[in-house]
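Here's final.txt, which has compact mmCIF, C-alpha atoms:
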```
# COMPACT_ATOMS: atom_id res chain seq x y z
CA LEU A 38 0.00 0.00 0.00
CA ALA A 39 2.81 2.41 0.86
CA GLY A 40 4.31 1.80 -2.56
CA GLU A 41 1.06 2.81 -4.28
CA SER A 42 0.09 5.76 -2.08
CA ASP A 43 0.80 9.48 -2.06
CA VAL A 44 0.27 9.89 1.69
CA ILE A 45 0.41 7.74 4.80
CA ILE A 46 -0.96 8.97 8.15
CA GLU A 47 -0.11 7.30 11.46
CA ASN A 48 -0.65 8.25 15.09
CA PHE A 49 1.15 5.54 17.02
CA ARG A 50 3.51 6.27 19.88
CA PRO A 51 6.76 7.72 18.43
CA GLY A 52 9.13 4.89 17.56
CA LYS A 53 6.46 2.21 17.19
CA MET A 54 6.42 2.27 13.39
CA GLU A 55 10.21 1.93 13.38
CA GLU A 56 9.88 -1.15 15.61
CA TRP A 57 7.65 -2.68 12.96
CA LYS A 58 10.11 -1.73 10.20
CA LEU A 59 7.50 0.64 8.79
CA GLY A 60 9.17 3.94 9.66
CA PRO A 61 9.83 6.76 7.17
CA GLU A 62 13.24 5.45 6.14
CA ASP A 63 11.85 1.95 5.59
CA LEU A 64 9.01 3.15 3.38
CA GLU A 65 11.13 5.71 1.55
CA ARG A 66 13.07 2.81 0.02
CA ILE A 67 9.77 1.50 -1.36
CA ASN A 68 8.31 4.85 -2.40
CA PRO A 69 10.58 7.95 -2.39
CA GLU A 70 7.56 10.15 -3.25
CA LEU A 71 5.60 9.16 -0.12
CA ILE A 72 4.38 11.91 2.23
CA TYR A 73 4.75 10.32 5.68
CA THR A 74 2.49 12.09 8.19
CA ARG A 75 2.92 11.47 11.92
CA ILE A 76 0.53 12.77 14.57
CA SER A 77 1.43 12.46 18.25
CA GLY A 78 0.99 14.35 21.49
CA TYR A 79 4.40 16.01 21.64
CA GLY A 80 6.11 15.31 18.31
CA GLN A 81 8.72 12.80 17.24
CA THR A 82 11.64 14.44 19.08
CA GLY A 83 12.28 16.20 22.37
CA PRO A 84 12.13 15.14 26.04
CA TYR A 85 8.31 14.75 26.02
CA SER A 86 8.09 12.77 22.78
CA LYS A 87 7.55 9.41 24.50
CA MET A 88 4.87 10.71 26.86
CA PRO A 89 1.22 9.73 26.29
CA GLY A 90 -0.41 12.50 24.29
CA PHE A 91 -4.09 12.96 25.08
CA ALA A 92 -5.84 16.07 23.75
CA SER A 93 -7.01 17.18 27.20
CA VAL A 94 -3.45 17.33 28.54
CA CYS A 95 -1.97 18.73 25.31
CA GLU A 96 -4.56 21.54 25.35
CA ALA A 97 -3.19 22.46 28.78
CA VAL A 98 0.49 22.20 27.82
CA GLY A 99 -0.23 24.11 24.59
CA GLY A 100 -1.54 27.07 26.60
CA LEU A 101 -5.22 27.02 25.61
CA ARG A 102 -6.48 26.04 29.05
CA TYR A 103 -4.55 28.88 30.70
CA VAL A 104 -6.39 31.60 28.78
CA ASN A 105 -9.81 29.90 28.75
CA GLY A 106 -12.39 30.55 31.46
CA PHE A 107 -12.83 33.13 34.20
CA PRO A 108 -10.00 34.60 36.33
CA ASP A 109 -11.57 33.54 39.66
CA ARG A 110 -12.40 29.97 38.66
CA PRO A 111 -10.54 26.81 37.63
CA SER A 112 -9.48 26.48 33.99
CA VAL A 113 -12.30 25.54 31.63
CA ARG A 114 -12.27 23.04 28.80
CA PRO A 115 -14.59 23.55 25.82
CA ASN A 116 -16.92 20.57 25.53
CA LEU A 117 -15.08 19.41 22.40
CA SER A 118 -11.80 17.63 21.75
CA MET A 119 -10.19 20.68 20.17
CA GLY A 120 -6.63 19.37 20.39
CA ASP A 121 -7.38 16.34 18.23
CA THR A 122 -9.30 18.41 15.69
CA LEU A 123 -6.57 21.05 15.47
CA ALA A 124 -3.92 18.37 15.01
CA GLY A 125 -5.95 16.91 12.16
CA LEU A 126 -6.16 20.32 10.49
CA GLN A 127 -2.43 20.86 10.92
CA GLY A 128 -1.86 17.44 9.42
CA VAL A 129 -3.90 18.42 6.35
CA ILE A 130 -1.97 21.69 6.00
CA GLY A 131 1.35 19.88 6.29
CA ILE A 132 0.32 17.26 3.73
CA LEU A 133 -0.76 19.91 1.23
CA LEU A 134 2.51 21.82 1.70
CA ALA A 135 4.52 18.62 1.24
CA LEU A 136 2.56 17.68 -1.89
CA GLN A 137 3.13 21.17 -3.31
CA ALA A 138 6.85 20.91 -2.57
CA ARG A 139 6.99 17.48 -4.19
CA ASN A 140 4.91 18.30 -7.26
CA GLY A 141 6.10 21.86 -7.86
CA ASN A 142 4.02 24.63 -9.41
CA LYS A 143 3.57 26.38 -12.74
CA ARG A 144 6.03 29.14 -11.85
CA LYS A 145 8.81 26.60 -11.19
CA SER A 146 10.29 28.93 -8.57
CA LYS A 147 14.08 28.85 -8.19
CA ASP A 148 13.65 29.51 -4.48
CA ALA A 149 11.58 26.38 -3.97
CA PRO A 150 12.52 23.85 -6.65
CA SER A 151 10.72 20.53 -6.73
CA ASP A 152 12.78 17.33 -6.63
CA GLY A 153 9.76 15.02 -6.76
CA LYS A 154 10.49 13.54 -3.34
CA GLY A 155 8.25 13.08 -0.34
CA GLN A 156 9.03 14.04 3.25
CA VAL A 157 7.92 13.57 6.84
CA VAL A 158 5.15 15.76 8.28
CA ASP A 159 5.60 15.83 12.07
CA VAL A 160 2.41 17.03 13.83
CA ALA A 161 2.21 17.47 17.61
CA ILE A 162 -1.13 18.05 19.32
CA TYR A 163 0.32 20.54 21.82
CA GLU A 164 1.93 22.54 18.99
CA SER A 165 -1.33 22.59 17.06
CA VAL A 166 -2.96 24.16 20.12
CA PHE A 167 0.02 26.47 20.68
CA SER A 168 -0.39 27.84 17.15
CA LEU A 169 -3.70 29.46 18.20
CA LEU A 170 -2.17 31.72 20.84
CA GLU A 171 -1.88 34.83 18.64
CA GLY A 172 0.28 37.47 20.38
CA VAL A 173 0.68 35.70 23.73
CA VAL A 174 4.38 34.94 23.27
CA SER A 175 5.26 38.41 21.97
CA GLU A 176 3.31 40.06 24.80
CA TYR A 177 5.33 38.09 27.32
CA ASP A 178 8.69 38.58 25.60
CA GLY A 179 8.20 42.26 24.85
CA ALA A 180 6.29 43.49 27.90
CA GLY A 181 6.44 40.69 30.46
CA VAL A 182 2.66 40.30 30.28
CA ILE A 183 1.18 36.85 30.93
CA ARG A 184 -2.24 36.76 29.33
CA GLY A 185 -4.78 34.89 31.43
CA PRO A 186 -8.48 34.04 31.20
CA SER A 187 -10.94 36.89 30.65
CA GLY A 188 -14.32 35.16 30.82
CA SER A 189 -16.66 36.08 27.98
CA THR A 190 -14.46 38.95 26.73
CA LEU A 191 -11.23 39.19 24.74
CA THR A 192 -8.33 40.98 26.37
CA GLY A 193 -7.71 44.39 24.82
CA ILE A 194 -10.86 44.37 22.65
CA VAL A 195 -13.88 46.45 23.77
CA PRO A 196 -16.80 46.05 23.44
CA SER A 197 -16.89 42.36 22.60
CA ASN A 198 -19.01 40.48 25.08
CA LEU A 199 -22.25 38.62 25.66
CA TYR A 200 -25.35 40.27 27.04
CA LYS A 201 -28.64 38.82 28.32
CA GLY A 202 -32.02 39.90 26.95
CA SER A 203 -35.32 40.09 28.81
CA ASP A 204 -36.15 36.58 27.55
CA GLY A 205 -33.09 35.13 29.27
CA LYS A 206 -31.19 34.48 26.04
CA ASP A 207 -27.61 35.65 25.52
CA ILE A 208 -26.38 37.49 22.44
CA ILE A 209 -22.86 38.36 21.35
CA ILE A 210 -22.11 41.93 20.32
CA GLY A 211 -18.80 42.81 18.70
CA ALA A 212 -18.50 46.57 18.20
CA ASN A 213 -14.81 47.02 18.93
CA GLY A 214 -14.00 49.19 15.89
CA ASP A 215 -14.29 52.96 16.32
CA SER A 216 -17.03 53.37 13.70
CA LEU A 217 -18.82 50.24 14.93
CA TYR A 218 -18.82 51.57 18.48
CA SER A 219 -20.23 54.89 17.31
CA ARG A 220 -23.02 53.12 15.39
CA LEU A 221 -23.77 50.96 18.43
CA LEU A 222 -24.29 54.09 20.51
CA ASP A 223 -26.58 55.40 17.76
CA ALA A 224 -28.57 52.15 17.96
CA MET A 225 -28.79 52.60 21.73
CA GLU A 226 -29.96 56.20 21.19
CA ILE A 227 -27.08 57.58 23.21
CA GLY A 228 -26.86 61.39 22.95
CA LYS A 229 -23.91 63.07 21.23
CA GLU A 230 -22.74 64.67 24.49
CA HIS A 231 -22.97 61.52 26.60
CA GLN A 232 -19.88 60.29 28.45
CA LEU A 233 -19.91 57.03 26.48
CA ARG A 234 -19.23 59.03 23.30
CA SER A 235 -15.82 60.10 24.67
CA HIS A 236 -14.49 56.53 24.48
CA ASP A 237 -13.72 56.94 20.78
CA SER A 238 -10.61 54.77 20.61
CA ASN A 239 -10.02 51.17 21.64
CA LYS A 240 -7.45 52.28 24.22
CA LYS A 241 -10.05 54.47 25.94
CA ARG A 242 -12.67 51.73 25.71
CA VAL A 243 -10.33 49.19 27.31
CA GLU A 244 -9.75 51.62 30.19
CA ASN A 245 -13.52 52.02 30.64
CA GLN A 246 -14.66 48.49 29.84
CA GLY A 247 -16.79 48.09 32.96
CA GLU A 248 -18.79 51.26 32.27
CA ILE A 249 -19.33 50.33 28.61
CA ASP A 250 -20.39 46.74 29.27
CA GLU A 251 -22.76 47.84 32.03
CA ALA A 252 -24.49 50.30 29.69
CA ILE A 253 -24.81 47.81 26.84
CA GLY A 254 -26.03 45.11 29.24
CA ALA A 255 -28.76 47.38 30.60
CA TRP A 256 -29.88 48.29 27.07
CA VAL A 257 -30.02 44.66 25.90
CA ALA A 258 -31.95 43.63 29.03
CA MET A 259 -34.79 46.02 28.12
CA ARG A 260 -36.25 43.80 25.37
CA PRO A 261 -36.27 40.24 23.97
CA THR A 262 -33.09 39.31 22.11
CA GLY A 263 -34.89 39.04 18.77
CA GLU A 264 -35.88 42.70 18.90
CA THR A 265 -32.36 43.73 19.91
CA LEU A 266 -30.84 41.77 17.03
CA ASP A 267 -33.22 43.44 14.58
CA ILE A 268 -32.08 46.87 15.80
CA LEU A 269 -28.41 45.90 15.61
CA LYS A 270 -28.91 44.53 12.10
CA THR A 271 -30.34 47.88 11.00
CA PHE A 272 -27.20 49.63 12.25
CA ARG A 273 -24.89 46.94 10.77
CA ILE A 274 -23.47 45.87 14.14
CA PRO A 275 -21.95 42.35 14.23
CA SER A 276 -24.16 40.39 16.61
CA GLY A 277 -25.86 37.07 17.01
CA LEU A 278 -27.33 34.43 19.27
CA ILE A 279 -25.23 31.71 20.86
CA TYR A 280 -26.36 28.74 18.80
CA SER A 281 -27.06 25.24 20.06
CA VAL A 282 -26.97 22.37 17.60
CA GLU A 283 -30.78 22.56 17.45
CA ASP A 284 -30.49 26.21 16.38
CA MET A 285 -27.98 25.28 13.68
CA VAL A 286 -30.04 22.46 12.21
CA ASN A 287 -33.09 24.71 11.92
CA ASP A 288 -31.30 27.87 10.79
CA PRO A 289 -32.17 28.97 7.22
CA HIS A 290 -28.60 30.11 6.47
CA TYR A 291 -27.12 26.75 7.47
CA VAL A 292 -29.77 25.02 5.37
CA ASP A 293 -29.26 27.30 2.36
CA ARG A 294 -25.50 26.72 2.52
CA GLU A 295 -26.15 22.94 2.62
CA MET A 296 -24.12 22.52 5.79
CA PHE A 297 -25.67 19.13 6.57
CA GLU A 298 -25.66 15.89 4.63
CA GLY A 299 -27.11 12.47 5.28
CA VAL A 300 -25.21 9.20 5.46
CA GLU A 301 -26.67 5.73 5.59
CA ILE A 302 -25.93 3.65 8.69
CA PRO A 303 -26.53 0.01 7.74
CA GLU A 304 -26.51 -1.21 11.34
CA LEU A 305 -29.19 1.36 12.28
CA LYS A 306 -31.07 1.01 8.99
CA LYS A 307 -31.50 4.77 8.82
CA SER A 308 -29.90 7.95 7.54
CA LEU A 309 -27.93 10.11 9.96
CA LYS A 310 -27.38 13.85 9.57
CA ILE A 311 -23.72 14.95 9.78
CA PRO A 312 -21.83 18.19 9.04
CA ALA A 313 -21.08 18.74 5.36
CA ILE A 314 -17.51 19.19 4.12
CA SER A 315 -16.04 22.67 4.26
CA PRO A 316 -14.53 24.77 2.81
CA ARG A 317 -16.74 24.62 -0.28
CA LEU A 318 -14.95 24.11 -3.60
CA SER A 319 -16.66 25.32 -6.76
CA ARG A 320 -15.51 22.53 -9.09
CA THR A 321 -14.71 19.58 -6.84
CA PRO A 322 -16.78 19.97 -3.65
CA GLY A 323 -16.18 17.45 -0.90
CA ARG A 324 -18.68 14.83 0.22
CA THR A 325 -18.85 12.01 2.74
CA VAL A 326 -18.79 8.65 0.99
CA HIS A 327 -19.60 6.67 4.14
CA PRO A 328 -19.55 7.45 7.88
CA GLY A 329 -16.83 4.96 8.75
CA ARG A 330 -17.00 1.25 9.44
CA SER A 331 -18.33 -0.34 12.61
CA ALA A 332 -15.90 -3.25 12.33
CA PRO A 333 -12.51 -3.82 10.63
CA GLY A 334 -12.28 -5.76 7.39
CA VAL A 335 -15.25 -4.43 5.46
CA ASP A 336 -13.06 -2.82 2.78
CA THR A 337 -10.38 -5.50 2.67
CA LEU A 338 -11.38 -6.91 -0.73
CA ASP A 339 -11.65 -3.48 -2.33
CA VAL A 340 -8.20 -2.49 -1.13
CA LEU A 341 -6.33 -5.71 -1.85
CA GLU A 342 -8.02 -6.68 -5.12
CA ASP A 343 -8.93 -3.34 -6.70
CA TRP A 344 -6.01 -1.24 -5.44
CA LEU A 345 -3.22 -3.78 -5.31
CA GLY A 346 -4.41 -6.22 -7.96
CA LEU A 347 -4.21 -9.33 -5.78
CA GLN A 348 -6.15 -12.40 -6.85
CA THR A 349 -9.07 -13.70 -4.78
CA ASP A 350 -7.21 -16.87 -3.75
CA GLU A 351 -4.28 -14.75 -2.54
CA VAL A 352 -6.58 -12.66 -0.39
CA GLU A 353 -8.32 -15.75 0.97
CA ALA A 354 -4.96 -17.20 1.96
CA MET A 355 -4.08 -13.99 3.82
CA VAL A 356 -7.42 -14.14 5.65
CA GLU A 357 -6.83 -17.78 6.66
CA GLU A 358 -3.36 -16.89 7.96
CA GLY A 359 -4.83 -14.09 10.06
CA ALA A 360 -2.82 -11.42 8.25
CA VAL A 361 -5.99 -9.49 7.32
CA ARG A 362 -9.67 -9.54 8.18
CA HIS A 363 -12.59 -9.60 5.80
CA ARG A 364 -16.20 -8.90 6.69
CA LYS A 365 -19.22 -8.15 4.55
CA VAL A 366 -20.93 -4.79 4.75
CA PRO A 367 -24.08 -5.13 6.89
CA GLN A 368 -27.22 -4.90 4.78
```
Rewrite the coordinates I just gave you, this time as structure tokens.
Amino acid sequence: LAGESDVIIENFRPGKMEEWKLGPEDLERINPELIYTRISGYGQTGPYSKMPGFASVCEAVGGLRYVNGFPDRPSVRPNLSMGDTLAGLQGVIGILLALQARNGNKRKSKDAPSDGKGQVVDVAIYESVFSLLEGVVSEYDGAGVIRGPSGSTLTGIVPSNLYKGSDGKDIIIGANGDSLYSRLLDAMEIGKEHQLRSHDSNKKRVENQGEIDEAIGAWVAMRPTGETLDILKTFRIPSGLIYSVEDMVNDPHYVDREMFEGVEIPELKKSLKIPAISPRLSRTPGRTVHPGRSAPGVDTLDVLEDWLGLQTDEVEAMVEEGAVRHRKVPQ
């Protein structure tokens, strides 16, 4: 398979593939063009490389947990496995870069010539999380500032917060640009001479964040969130509800953008709604062929016979020896 493939992806403990004689150097002899992608908790090198790499811990080591939550409470984890997802995205980016380097481009740049060879893509979960930290490192190095959690706000950006309407629902309002802030005050019917009008730069707004958030919160609390959002829409203020999955599934924009697709689950004998593939490509849009297999061996014949050209008796012999499994797709 490695000899016939463009890309291999593995996420075993670093060193395990080498033990099996399936490491990058082993497979490079079979296929010099192979892009060998490795995903682990802490990367293939370094003092932590052999440590177990679970997303929950790597999110902490990567710094995300330190800035997430409220200052007076324990660190908060989003109810998603973000570390694993981010590592997958970084793996895709690395693979695409490696394929581009291998295949070259129309410009045939002298600075980045293509030699037609593959390479190793080393993805670490903690580094994938670390890549999200924006200016945190520079803030610390340049000013000695250690950014911490700031609840529902973003440090240095005002106003950008959530506010509760009279119906008990929360909405997000992001009016942290100077013109946006001015339009928000117009929407709130704040007079031209009011004190809030003097906070006409982000620096001033940061210094007076409490006063600004209190005023916006009181205004939002006066009416149901739907009415508030209608007003904000009129004044072109970025705002919106905090969506649950039920909100998403029933939202006309999600539906119009075809952000859901159905896949058949043979074991359940029904179709299951899942997220559609994004980003959307105009000519070759992505789609989900099947939702994954409930047991190993369902695709064995397709891979060995169709991809590798093995004969049926050869595959049957491999099954009898226990080298591979073969199971029929449930009907």
Distance CA of Val326 in chain A-CA of Val300 in chain A, one decimal place? 7.8 Å
Using all atoms listed in the file, tabulate the residues of range 190-235 of chain A lying at most 12 Å from any atom of range 106-122 of chain A, each with its closest atom pair and that distance in Å to one decimal, by chain and increasing residue number, as a tab-separated table.
```
residue	atom	partner	partner_atom	distance
A:Thr190	CA	A:Phe107	CA	9.6
A:Leu191	CA	A:Gly106	CA	11.0
A:Thr192	CA	A:Pro108	CA	11.9
```
If we count all atoms listed in the file, what is near Trp344 in chain A at a cut-off of 10 Å, once residues fewer than 5 positions away on the same chain are taken out, given as a ChimeraX atom specification? /A:38,41-42,338-339
Quick one: pull the distance between CA of Val166 in chain A and CA of Tyr79 in chain A, Å, one decimal.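 Spanning CA of Val166 in chain A to CA of Tyr79 in chain A is a straight-line distance of 11.1 Å.
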Kindly indicate which residue among A:Gly155, A:Trp256, A:Arg273, A:Arg330 lies nearest to Glu301 in chain A, using all atoms listed in the file for the distances.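 Using all atoms listed in the file, the shortest distance to Glu301 in chain A belongs to A:Arg330.
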A:Leu347, A:Ala180, A:Val129, A:Leu278: which is nearest Lys201 in chain A, counting all atoms listed in the file?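 Ranking A:Leu347, A:Ala180, A:Val129, A:Leu278 by distance to Lys201 in chain A, first place goes to A:Leu278.
The neighbours of Gly185 in chain A here are the residues that come within 7 Å of it, using all atoms listed in the file and leaving out any residue fewer than 2 positions away in the same chain; they are A:Tyr103, A:Val104, A:Ile183, A:Ser187.
Interatomic distance, CA of Leu71 in chain A against CA of Gly40 in chain A: 7.9 Å.
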Can you list, as an mmCIF file with C-alpha atoms, in the frame of the given file, every protein, DNA or RNA residue that comes within 9 Å of Arg260 in chain A when you count only C-alpha atoms, leaving out same-chain residues fewer than 4 positions away?
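Result file is part10.cif:
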```cif
data_model
loop_
_atom_site.group_PDB
_atom_site.id
_atom_site.type_symbol
_atom_site.label_atom_id
_atom_site.label_comp_id
_atom_site.auth_asym_id
_atom_site.auth_seq_id
_atom_site.Cartn_x
_atom_site.Cartn_y
_atom_site.Cartn_z
ATOM 1 C CA GLY A 202 -32.020 39.900 26.950
ATOM 2 C CA SER A 203 -35.320 40.090 28.810
ATOM 3 C CA ASP A 204 -36.150 36.580 27.550
ATOM 4 C CA TRP A 256 -29.880 48.290 27.070
ATOM 5 C CA GLU A 264 -35.880 42.700 18.900
ATOM 6 C CA THR A 265 -32.360 43.730 19.910
#
```
Residues within 10 Å of (-26.4, 14.2, 3.8), file coords, all atoms listed in the file, listed as a count of residues only: 16
Starting from the sparse input, extend range 211-222 of chain A to all heavy atoms and give the output as a PDB file, keeping the file's coordinate frame.
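The file below, selection-v8.pdb, is the result:
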```pdb
ATOM      1  N   GLY A 211     -20.187  42.439  18.948  1.00  0.00           N
ATOM      2  CA  GLY A 211     -18.800  42.810  18.700  1.00  0.00           C
ATOM      3  C   GLY A 211     -18.752  44.153  17.995  1.00  0.00           C
ATOM      4  O   GLY A 211     -18.939  44.223  16.782  1.00  0.00           O
ATOM      5  N   ALA A 212     -18.526  45.211  18.771  1.00  0.00           N
ATOM      6  CA  ALA A 212     -18.500  46.570  18.200  1.00  0.00           C
ATOM      7  C   ALA A 212     -17.200  47.256  18.611  1.00  0.00           C
ATOM      8  O   ALA A 212     -17.195  48.387  19.082  1.00  0.00           O
ATOM      9  CB  ALA A 212     -19.704  47.361  18.671  1.00  0.00           C
ATOM     10  N   ASN A 213     -16.093  46.550  18.415  1.00  0.00           N
ATOM     11  CA  ASN A 213     -14.810  47.020  18.930  1.00  0.00           C
ATOM     12  C   ASN A 213     -14.051  47.916  17.953  1.00  0.00           C
ATOM     13  O   ASN A 213     -12.962  48.381  18.273  1.00  0.00           O
ATOM     14  CB  ASN A 213     -13.931  45.828  19.324  1.00  0.00           C
ATOM     15  CG  ASN A 213     -13.933  44.723  18.303  1.00  0.00           C
ATOM     16  OD1 ASN A 213     -14.894  43.992  18.211  1.00  0.00           O
ATOM     17  ND2 ASN A 213     -12.853  44.611  17.536  1.00  0.00           N
ATOM     18  N   GLY A 214     -14.577  48.178  16.780  1.00  0.00           N
ATOM     19  CA  GLY A 214     -14.000  49.190  15.890  1.00  0.00           C
ATOM     20  C   GLY A 214     -14.580  50.549  16.226  1.00  0.00           C
ATOM     21  O   GLY A 214     -15.706  50.657  16.720  1.00  0.00           O
ATOM     22  N   ASP A 215     -13.830  51.615  15.947  1.00  0.00           N
ATOM     23  CA  ASP A 215     -14.290  52.960  16.320  1.00  0.00           C
ATOM     24  C   ASP A 215     -15.629  53.297  15.677  1.00  0.00           C
ATOM     25  O   ASP A 215     -16.547  53.793  16.342  1.00  0.00           O
ATOM     26  CB  ASP A 215     -13.243  54.005  15.946  1.00  0.00           C
ATOM     27  CG  ASP A 215     -11.960  53.859  16.758  1.00  0.00           C
ATOM     28  OD1 ASP A 215     -11.978  53.124  17.768  1.00  0.00           O
ATOM     29  OD2 ASP A 215     -10.946  54.484  16.377  1.00  0.00           O
ATOM     30  N   SER A 216     -15.768  53.056  14.375  1.00  0.00           N
ATOM     31  CA  SER A 216     -17.030  53.370  13.700  1.00  0.00           C
ATOM     32  C   SER A 216     -18.149  52.450  14.160  1.00  0.00           C
ATOM     33  O   SER A 216     -19.308  52.864  14.281  1.00  0.00           O
ATOM     34  CB  SER A 216     -16.848  53.283  12.175  1.00  0.00           C
ATOM     35  OG  SER A 216     -16.493  51.965  11.784  1.00  0.00           O
ATOM     36  N   LEU A 217     -17.819  51.174  14.426  1.00  0.00           N
ATOM     37  CA  LEU A 217     -18.820  50.240  14.930  1.00  0.00           C
ATOM     38  C   LEU A 217     -19.334  50.695  16.293  1.00  0.00           C
ATOM     39  O   LEU A 217     -20.545  50.666  16.566  1.00  0.00           O
ATOM     40  CB  LEU A 217     -18.228  48.831  15.042  1.00  0.00           C
ATOM     41  CG  LEU A 217     -18.047  48.032  13.758  1.00  0.00           C
ATOM     42  CD1 LEU A 217     -17.287  46.752  14.040  1.00  0.00           C
ATOM     43  CD2 LEU A 217     -19.393  47.715  13.126  1.00  0.00           C
ATOM     44  N   TYR A 218     -18.430  51.115  17.144  1.00  0.00           N
ATOM     45  CA  TYR A 218     -18.820  51.570  18.480  1.00  0.00           C
ATOM     46  C   TYR A 218     -19.739  52.789  18.380  1.00  0.00           C
ATOM     47  O   TYR A 218     -20.752  52.882  19.077  1.00  0.00           O
ATOM     48  CB  TYR A 218     -17.583  51.896  19.300  1.00  0.00           C
ATOM     49  CG  TYR A 218     -17.877  52.425  20.682  1.00  0.00           C
ATOM     50  CD1 TYR A 218     -18.444  51.607  21.654  1.00  0.00           C
ATOM     51  CD2 TYR A 218     -17.593  53.754  21.019  1.00  0.00           C
ATOM     52  CE1 TYR A 218     -18.722  52.087  22.932  1.00  0.00           C
ATOM     53  CE2 TYR A 218     -17.868  54.243  22.280  1.00  0.00           C
ATOM     54  CZ  TYR A 218     -18.428  53.407  23.239  1.00  0.00           C
ATOM     55  OH  TYR A 218     -18.701  53.897  24.503  1.00  0.00           O
ATOM     56  N   SER A 219     -19.401  53.701  17.493  1.00  0.00           N
ATOM     57  CA  SER A 219     -20.230  54.890  17.310  1.00  0.00           C
ATOM     58  C   SER A 219     -21.626  54.505  16.828  1.00  0.00           C
ATOM     59  O   SER A 219     -22.638  55.050  17.312  1.00  0.00           O
ATOM     60  CB  SER A 219     -19.560  55.844  16.312  1.00  0.00           C
ATOM     61  OG  SER A 219     -20.364  56.973  16.076  1.00  0.00           O
ATOM     62  N   ARG A 220     -21.709  53.550  15.885  1.00  0.00           N
ATOM     63  CA  ARG A 220     -23.020  53.120  15.390  1.00  0.00           C
ATOM     64  C   ARG A 220     -23.807  52.382  16.470  1.00  0.00           C
ATOM     65  O   ARG A 220     -25.032  52.478  16.525  1.00  0.00           O
ATOM     66  CB  ARG A 220     -22.861  52.245  14.145  1.00  0.00           C
ATOM     67  CG  ARG A 220     -22.312  52.984  12.938  1.00  0.00           C
ATOM     68  CD  ARG A 220     -22.759  52.327  11.641  1.00  0.00           C
ATOM     69  NE  ARG A 220     -22.383  50.931  11.535  1.00  0.00           N
ATOM     70  CZ  ARG A 220     -21.221  50.491  11.065  1.00  0.00           C
ATOM     71  NH1 ARG A 220     -20.290  51.373  10.661  1.00  0.00           N
ATOM     72  NH2 ARG A 220     -20.970  49.211  10.970  1.00  0.00           N
ATOM     73  N   LEU A 221     -23.092  51.640  17.329  1.00  0.00           N
ATOM     74  CA  LEU A 221     -23.770  50.960  18.430  1.00  0.00           C
ATOM     75  C   LEU A 221     -24.422  51.983  19.365  1.00  0.00           C
ATOM     76  O   LEU A 221     -25.572  51.806  19.793  1.00  0.00           O
ATOM     77  CB  LEU A 221     -22.792  50.085  19.202  1.00  0.00           C
ATOM     78  CG  LEU A 221     -23.345  49.405  20.466  1.00  0.00           C
ATOM     79  CD1 LEU A 221     -24.513  48.483  20.125  1.00  0.00           C
ATOM     80  CD2 LEU A 221     -22.243  48.627  21.190  1.00  0.00           C
ATOM     81  N   LEU A 222     -23.703  53.043  19.666  1.00  0.00           N
ATOM     82  CA  LEU A 222     -24.290  54.090  20.510  1.00  0.00           C
ATOM     83  C   LEU A 222     -25.483  54.747  19.826  1.00  0.00           C
ATOM     84  O   LEU A 222     -26.462  55.116  20.483  1.00  0.00           O
ATOM     85  CB  LEU A 222     -23.224  55.133  20.857  1.00  0.00           C
ATOM     86  CG  LEU A 222     -22.023  54.634  21.694  1.00  0.00           C
ATOM     87  CD1 LEU A 222     -21.103  55.797  22.027  1.00  0.00           C
ATOM     88  CD2 LEU A 222     -22.485  53.917  22.953  1.00  0.00           C
TER      89      LEU A 222
END
```
